[in-house]
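Everything below concerns the one structure shown next.
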Amino acid sequence: MILGADLYWLFYPLGEYAFSAFRQFDLPLWNPYLFLGFPQYAEPQLSTFYPFFWAAAWLPIGAAYAALYAFHFGLAATGAYVLVRRLGGNWSGGLLAGLVLAFNGFMVGHLHAGHLPHLMTIAYLPWLLAAAHWAVYVDADQLISKKVWAATLIAGLPLGLAMLAGYAPFFPFLVAGVTLFMLWLAAVHWRRGQKALAVRIMGQLAVLGLFAGLLAAVQLLPTVEMTRHSSRLAGASYEFASQLPMPFWNLITLVMPDVYGAPLGEVFYWAAAPINAYWELAVYAGILPLFLIGLAWGIGPKSWRFWLALGLGGLLVALGPSVAVHRLFYEWIPGFGLFRVPARMGYFFVLAAAVLTGLVFDRWYDLSPDERQKWQRPLRSFLALILLLLPILIVLSILWQAAQPDPELAVQVAGVTSQLFRLLLFSTAVLLLLRYGVNQARWLFTALALVLLLVDLWGYGYKFVVASETKPEMGWIMANLALPDERTTYRVMTRGLAENAGFHYGFYHVEGYDDFRTESSYELGRLAFSDARIARLLGAPYLLHGEDYERPPVAPGWEVLTQPAGVTVYQRQDSQPRAFVVHQVIGAVDEAESLRLMADPDLDFTQTAVVRMMPDTSCLIEQTTTPAQLAITDYEPQRVVIQAITESTGWLVLSDLYYPGWQATVSGKPATIQPTNYGLRGVCLPAGSHEVVFEFAPPLVKYGLALTGPAWLVLLMAGVWLWYVGRRKSG
């Protein structure tokens with residue numbers, strides 16, 4: 001598949017699990033393999049309810065992700081084309097805008113990072129803006145009409161699909177983009193004295209947003225619930241909101257994208273920012289767009305200033321605490337502090353660059369010879385300056401490189417030299433194109449510009465399109481050979497192995513790789529390494545340790561079982577089974593008290609359970625000296641069946657994660673699942689022989705479908721009605 005860190009280690013295993021469910025015409029609501037089990041459907045970036053993700057399930061896994069990448073890069077490109085045409089551009093400008101928006105540094109940088117859901121989400125922004133513009137002007141003759149509101153509902157489709165695609169931190173980008181765009185349209189008409197139209201546009205914005213929420217309610221409702229249990233839910237602190245801004249020095253990459261090297265280039269990325277931040281700082285849009293942006297103020301109408309302001313504003317906010325704009329946003333925009341990585345605001349720069357590239361390119365070609373003539377002298381002067389200044393800088397850089405005694409520093413300087421030479425070539429080509437190419441036919445002028453832009457962007461971005469084999473690392477291969485085949489009877493813990501990759505061999509993991517997880521699974525997984533009682537409690541008798549990592553401090557009781565290539569397997573003999581019964585219970589009022597009680601080193605979890613008692617529940621525990629007999633007879637992702645025999649009433653503990661939506665029955669009678677030992681499942685087990693069944697049936701899926709289903713039906717009706725009206729009007 002296409003190489004990308006998160007794609008390979010995070011989305012590939014979870015996506016393969018989802019695809020296998022889709023191919024059986026099922027939904028992957030619960031994933032039992034990671035984090036003691038977790039609600040996969042509620043993790044938005046796993047795209048459980050995204051239709052195009054379903055379609056990819058029928059392809060081989062590598063081809064599926066390649067198709068998703070290709071489709072959404074193409075979606076971004078065609079969205080930019082449609083947007084430029086809506087704004088009055090010609091086909092020529094639309095093609096250039098599409099190329100810029102699809103293959104700028106922001107897009108290919110996130111391709112390198114493996115951020116598939118990020119790209120799937122942001123690809124809808126140009127479509128959203130184009131749809132909003134269409135909805136505002138669909139019925140120019142009427143202030144308020146059925147046609148306007150039908151179009152407004154349809155305009156909510158790109159935003160709804162983006163929400164289903166699923167990268168939540170990019171939702172504000174789409175919301176902010178369409179809000180600013182429609183505010184600008186409303187302000188234009190307000191200044192013209194068309195106040196009723198301006199008010200209608202704001203009403204359309206509200207309807208568009210609300211309807212998009214209904215289209216995606218089946219994903220939004222579970223996601224909102226997940227945030228209440230998530231370890232990633234942050235407070236609105238400025239320290240959090242200002243993490244990973246774009247440094248001032250990085251602005252030079254707007255003209256020399258790899259001046260500091262690149263993660264996969266010959267000159268490895270060596271700038272001061274962390275290497276894992278490269279994709280957050282990449283906003284290169286090409287040399288031709290920069291020159292066209294420079295012409296926008298002089299040859300364009302005032303309406304283009306919105307895009308200039310959007311692009312400049314995006315860069316200013318991306319600089320984070322370095323400028324006051326970011327702090328003002330934090331202070332005055334509710335919820336702004338919940339989102340980190342200011343550098344991502346650079347996307348608004350590449351969006352504006354794409355739109356202005358298309359609009360200015362067409363305007364430059366359409367200028368009369370007299371209007372264009374006044375710009376020829378500045379272009380010649382600028383070309384002369386470039387041909388004089390850049391060669392001098394290149395020579396100085398070569399001399400600097402030769403004077404470096406440190407070979408590593410010499411390589412870095414060589415990278416700077418190559419970037420200066422690159423800038424010289426493309427700047428010269430762009431100025432010659434604008435000076436002489438404009439005298440050719442539109443198709444030829446456009447073809448030359450497209451070739452120049454393609455060579456520029458592909459020469460920068462090709463290195464991020466790298467193929468990688470889809471196979472787990474050696475450590476997991478050896479663990480698969482060394483450990484028992486009855487994987488449902490135990491869990492594993494790891495250090496130094498890719499946690500999610502164990503899924504390929506059916507391992508059930510205490511932890512996993514995904515920041516968006518429940519706080520309870522995170523805390524229990526962390527404690528399992530330092531507290532032997534927790535490791536026993538979670539049914540994890542094996543610890544897999546990668547050969548390239550130093551052994552971490554772990555709880556006593558671990559002994560080396562085997563040391564095959566790539567992994568050291570530790571074992572402990574005192575691990576609890578996945579389900580067991582205790583006959584002592586300590587009540588807790590909340591999660592904090594549960595953790596405090598569990599911290600008592602004298603508390604034995606094989607005998608006692610800490611239970612957060614739910615309202616209107618009771619369990620009269622009885623003591624016994626005869627251990628209960630339990631057997632897990634069926635263990636499926638969304639259903640667990642346990643056969644239990646106990647002489648006296650006790651508390652059944654299942655070392656799977658507690659989460660809303662799980663329901664239980666004991667011998668066919670409903671039983672309340674209560675959070676046990678902070679984050680596990682527990683039910684009261686009466687004396688006798690019983691069949692205990694746990695089933696995952698989250699009601700939010702039903703509620704979401706009850707909202708989303710009718711909304712999609714209304715969308716279809718609105719589209720059919722507009723098509724019918726258009727047909728009737730045309731003849």
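Residue numbering restarts at 1 in every chain; chains get A, B, ... in the order shown in the structure tokens, and ligands count up from 1 in that same order.
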
Long-range neighbours of stretch 299-316 of chain A as a PyMOL selection string, 6 Å cut-off, only C-alpha atoms, 4 positions minimum in chain:
chain A and resi 345-346+348-349+352

Extract, using only C-alpha atoms, all DNA, RNA and protein residues at most 7 Å from A:Val317, discarding same-chain residues fewer than 6 positions from it, and format them as a PyMOL selection string.
chain A and resi 325-326+342+345

May I have the residues within 10 Å of A:Met614 as a PyMOL selection string, using only C-alpha atoms and disregarding those fewer than 3 positions away in the same chain?
chain A and resi 587-590+611+617-618+672-675

Expected file contents, prior selection, C-alpha atoms, as a PDB file, in the first residue's frame:
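Written out: selection.pdb:
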ATOM      1  CA  GLY A 587     -18.761   0.372  46.400  1.00  0.00           C
ATOM      2  CA  ALA A 588     -17.482   3.555  44.741  1.00  0.00           C
ATOM      3  CA  VAL A 589     -19.430   6.679  43.854  1.00  0.00           C
ATOM      4  CA  ASP A 590     -17.397   7.677  40.786  1.00  0.00           C
ATOM      5  CA  VAL A 611     -17.916  -1.494  41.787  1.00  0.00           C
ATOM      6  CA  THR A 617     -29.404  -1.735  41.764  1.00  0.00           C
ATOM      7  CA  SER A 618     -28.465  -4.122  44.543  1.00  0.00           C
ATOM      8  CA  THR A 672     -27.489  -4.188  34.840  1.00  0.00           C
ATOM      9  CA  ILE A 673     -23.834  -3.987  33.789  1.00  0.00           C
ATOM     10  CA  GLN A 674     -21.921  -1.868  36.284  1.00  0.00           C
ATOM     11  CA  PRO A 675     -18.410  -0.388  35.917  1.00  0.00           C
TER      12      PRO A 675
END

Extract the full set of alpha helix (DSSP H) residues from stretch 461-558 of chain A according to DSSP on the backbone, and format it as an MDAnalysis selection string.
chainID A and resid 461 474:482 519:530 532:537

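Between A:Thr489 and the candidates A:Leu654, A:Ala414, A:Trp332, A:Gly525, the tightest atom-to-atom separation, counting only C-alpha atoms, involves A:Leu654.
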
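Candidate residues A:Leu254, A:Leu116, A:Ala123, A:Leu433 were compared for distance to A:Phe73, and the nearest is A:Ala123, using only C-alpha atoms.
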
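Look at A:Ala609: the protein and nucleic acid residues within 10 Å of it, using only C-alpha atoms and passing over chain neighbours fewer than 6 places away, are Val581, Val582, His583, Gln584, Val585, Ile586, Gly587, Ser594, Met598, Leu603, Trp651, Leu652, Val653, Thr676, Asn677, Tyr678 and Gly682 of chain A.
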